[in-house]
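Before any comments, here is the structure.
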Amino acid sequence: MLLFLLAYLGGALTIVSPCILPVLPFVFARADQPFVKSGLPLLLGLIVTFALVATLAAVGGGWAVQASGVGRIVALIVLAAFGLLLLFPALADRVTRPVVALGARLTQEAADPDKPANPFVASFLLGIATGLLWAPCAGPILGLVLTGAALNGASLSTTLALLAYALGAATSLALALLVGGKVFTTMKKSLHAGEWVRKALGVAVLLGVVAIATGLDTKVLTKLSLSGTSSVEQGLLDHFMPQKKVAAGDWLSDKGPMPALDGATLWLNSPPLTAQGLRGKVVLVDFWTYSCINCLRSLPYVNAWDHAYRGQGLVVIGVHAPEFAFERDVGNVQKAVKDLGIAYPVAIDNNSALWRAFQNHYWPAQYLIDAQGRIRYARFGEGGDARTEQAIQRLLAEANGRMFVPGKAAVIATGAQAAADTKDVRSPETYIGYDRAKGFTSPGGEVHDKAHLYAVGPLMLNQWSLAGAWTLQNQQAVLAKAGGTITYRFHARDLHLVLGPGADGKPVRFRVTIDGDAPVGDHGADIDAEGNGTVTGDRLYQLIRQRTDKSGPVADHTFAITFSHPGVKAYSFTFG
């Protein structure tokens with residue numbers, strides 16, 4: 001009951017969030033009609049359709065997504081016709097007659113072509129169309145409902161929670177519609193502006209259809225701040241459904257029970273594990289993703305602990321929580337697990353269910369659970385490996401009821417997994433996709449989602465540019481023509497770049513220079529001394545590893561990489 005109440009309140013709050021804007025024209029286009037015969041059935045259609053579509057989207061497969069897409073196209077056509085009717089009322093009787101006849105059949109009425117349009121049926125059908133198009137912001141409350149649906153499958157509880165959310169939104173819209181109806185009536189009577197208002201609503205409906213059809217609504221709304229409603233929703237959740245958060249740094253104190261592991265979409269190296277089944281074992285849960293340099297540099301320690309302490313009761317679980325889209329490909333993860341020599345169980349967390357269950361926010365993050373199933377230690381980010389090993393030894397001693405002889409597991413780290421030179425890193429992780437890009441200096445700036453010819457711009461420290469024909473997308477840049485270059489001015493011993501081949505998967509050759517010359521002795525593990533390398537898969541590539549004993553101290557350098565074939569994808573720079 002509490003979840004339904006929270007869902008209702010979350011829906012009611014959507015009236016003050018930008019995500020309600022795309023459907024407002026469709027709702028207020030009926031403001032001049034009686035609420036009970038027009039506005040109410042429209043909102044009922046919206047409620048029922050949204051709940052059903054959202055349930056299918058949360059628990060269904062690809063067929064549900066495709067069916068929803070077809071429904072959206074039909075809805076856009078219906079609402080576009082409705083907008084035209086508002087602008088050209090003379091066409092109303094002729095065009096709406098088939099729709100009314102269909103509605104009559106659906107409601108088992110006599111399909112009399114000459115019968116006046118039933119406003120309830122027409123409004124209900126418009127509500128169904130609106131419900132197919134409405135995609136509210138997934139704030140904390142709706143996110144909780146959808147997560148529960150994804151984890152627990154289709155159920156009456158899921159649908160009722162989504163109905164409660166939609167009912168809350170409909171309540172707010174109903175109040176707004178009643179006020180709007182009174183304003184509309186007043187304007188018709190006192191200002192004789194009813195015709196102009198009706199046409200304005202028709203234009204608004206058509207603009208709404210165009211915005212949704214082209215995706216413009218999504219692009220605009222993502223730029224608007226939703227922190228106000230999100231903070232209110234989170235406050236409600238914290239008050240009514242408080243959860244104990246896991247904090248790092250509190251040495252071996254009880255931080256709450258280990259969350260369930262049943263949200264994993266797949267397990268590698270092991271059958272599915274459960275929190276209950278792990279009782280009596282000390283468990284290390286390591287959140288990672290295979291193209292994250294910080295995760296890669298932590299993995300040698302996790303591997304070493306697995307080898308050293310497995311026989312004494314330690315169970316290591318790697319939770320692979322993807323950041324980029326290509327990291328959701330299980331085949332890519334399986335290859336990475338093999339290449340990295342990971343023998344412990346790996347849970348694939350493509351739905352972020354375990355990430356949310358642990359209330360995690362970091363890559364890498366490690367949680368230690370004692371033999372009673374309680375979280376006793378957490379560490380976020382790189383570093384602190386010696387202290388983590390001490391915590392493992394301490395909890396194993398508790399579980400086994402004996403003293404533990406201090407020692408250190410043998411750690412072998414080479415290539416990109418070698419420890420960073422943190423004292424001399426002045427360049428931050430830099431994303432290339434426009435969602436999080438910083439420091440981009442190509443003249444003319446970013447051009448989103450279409451091929452554009454870029455040129456190298458002036459570079460200061462931590463600035464980068466593209467040269468050649470590239471398509472800049474939200475997570476990556478995709479080379480449109482052979483010969484494209486990426487240039488970066490950096491200060492670090494190591495430079496890494498996350499790359500992937502084209503859609504055909506064929507290898508792409510590239511050449512790296514540093515300050516215009518071949519890297520020679522400063523080449524990374526994935527290129528030779530002349531700077532030549534090949535993109536063979538979606539992963540992190542170590543391109544520069546300066547030999548400071550021969551090259552002198554780390555200084556500012558200009559890195560450039562040029563690709564021989566189109567299609568290659570570039571995601572992010574990292575340094576060490």
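Residues are named by chain letter and number: chains run A, B, ... in the order of the structure tokens, numbers start at 1 in each chain, and ligands are numbered from 1 in the order shown.
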
Within 8 Å of A:Phe35, counting only C-alpha atoms, which residues show up once you throw out same-chain ones fewer than 5 positions away? Write them as a PyMOL selection string, please. chain A and resi 40+177-178

Just the residues within 9 Å of A:Leu368, please, counting only C-alpha atoms, with nothing from its chain fewer than 4 positions along; format it as number ranges by chain. A: 252, 282-286, 374-379, 388, 391-392, 395

I'd like the contact shell of A:Asp262 - 9 Å cut-off, only C-alpha atoms, skipping same-chain residues fewer than 5 positions apart - returned as a list in words.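 Final neighbour list, sorted by chain and number: Leu151, Pro272, Leu273, Thr274, Ala275, Ala353 and Leu354 of chain A.
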
What would the file look like if the residues just selected were written as an mmCIF file, in the first residue's frame with C-alpha atoms?
```cif
data_model
loop_
_atom_site.group_PDB
_atom_site.id
_atom_site.type_symbol
_atom_site.label_atom_id
_atom_site.label_comp_id
_atom_site.auth_asym_id
_atom_site.auth_seq_id
_atom_site.Cartn_x
_atom_site.Cartn_y
_atom_site.Cartn_z
ATOM 1 C CA LEU A 151 13.459 -7.708 -11.308
ATOM 2 C CA PRO A 272 23.947 -18.122 -10.085
ATOM 3 C CA LEU A 273 24.948 -17.353 -6.508
ATOM 4 C CA THR A 274 22.687 -16.130 -3.705
ATOM 5 C CA ALA A 275 23.314 -14.164 -0.554
ATOM 6 C CA ALA A 353 20.057 -4.084 -10.488
ATOM 7 C CA LEU A 354 23.039 -5.008 -8.271
#
```

Which of A:Val315, A:Ala467, A:Leu540, A:Val478 sits closest to A:Ile369 [using only C-alpha atoms]: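 Closest to A:Ile369 of all the choices is A:Val315.
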
Distance atom CA of A:Ala260-atom CA of A:Arg402, one decimal place?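 If I compute the distance from atom CA of A:Ala260 to atom CA of A:Arg402, I get 28.9 Å.
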
Which of these, A:Asp528, A:Glu323, A:Asp349, A:Glu382, has the shortest distance to A:Leu261 once you count only C-alpha atoms?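 Result for the nearest residue to A:Leu261: A:Asp349.
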
DSSP helix (DSSP H, G or I) selection over stretch 345-563 of chain A, as a PyMOL selection string: chain A and resi 353-357+385-400+415-417+422-424+520-522+548-551

Atom CA of A:Val203 and atom CA of A:Gly45 are how many Å apart?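 It comes out at 22.6 Å.
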
Can you tell me how far atom CA of A:Leu125 sits from atom CA of A:Thr49, in Å to one decimal? 10.2 Å

Mind the document's chain letters and residue numbers, and return as a PyMOL selection string the residues of stretch 233-457 of chain A that DSSP labels strand (DSSP E or B). chain A and resi 257+266-268+282-288+314-320+346-348+365-369+374-380+430-431+437+440+448+452-454

When distances are computed from only C-alpha atoms, which of A:His557, A:Arg545, A:His565, A:Arg509 shows the smallest separation from A:Leu461?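 Of A:His557, A:Arg545, A:His565, A:Arg509, the one nearest A:Leu461, counting only C-alpha atoms, is A:His557.
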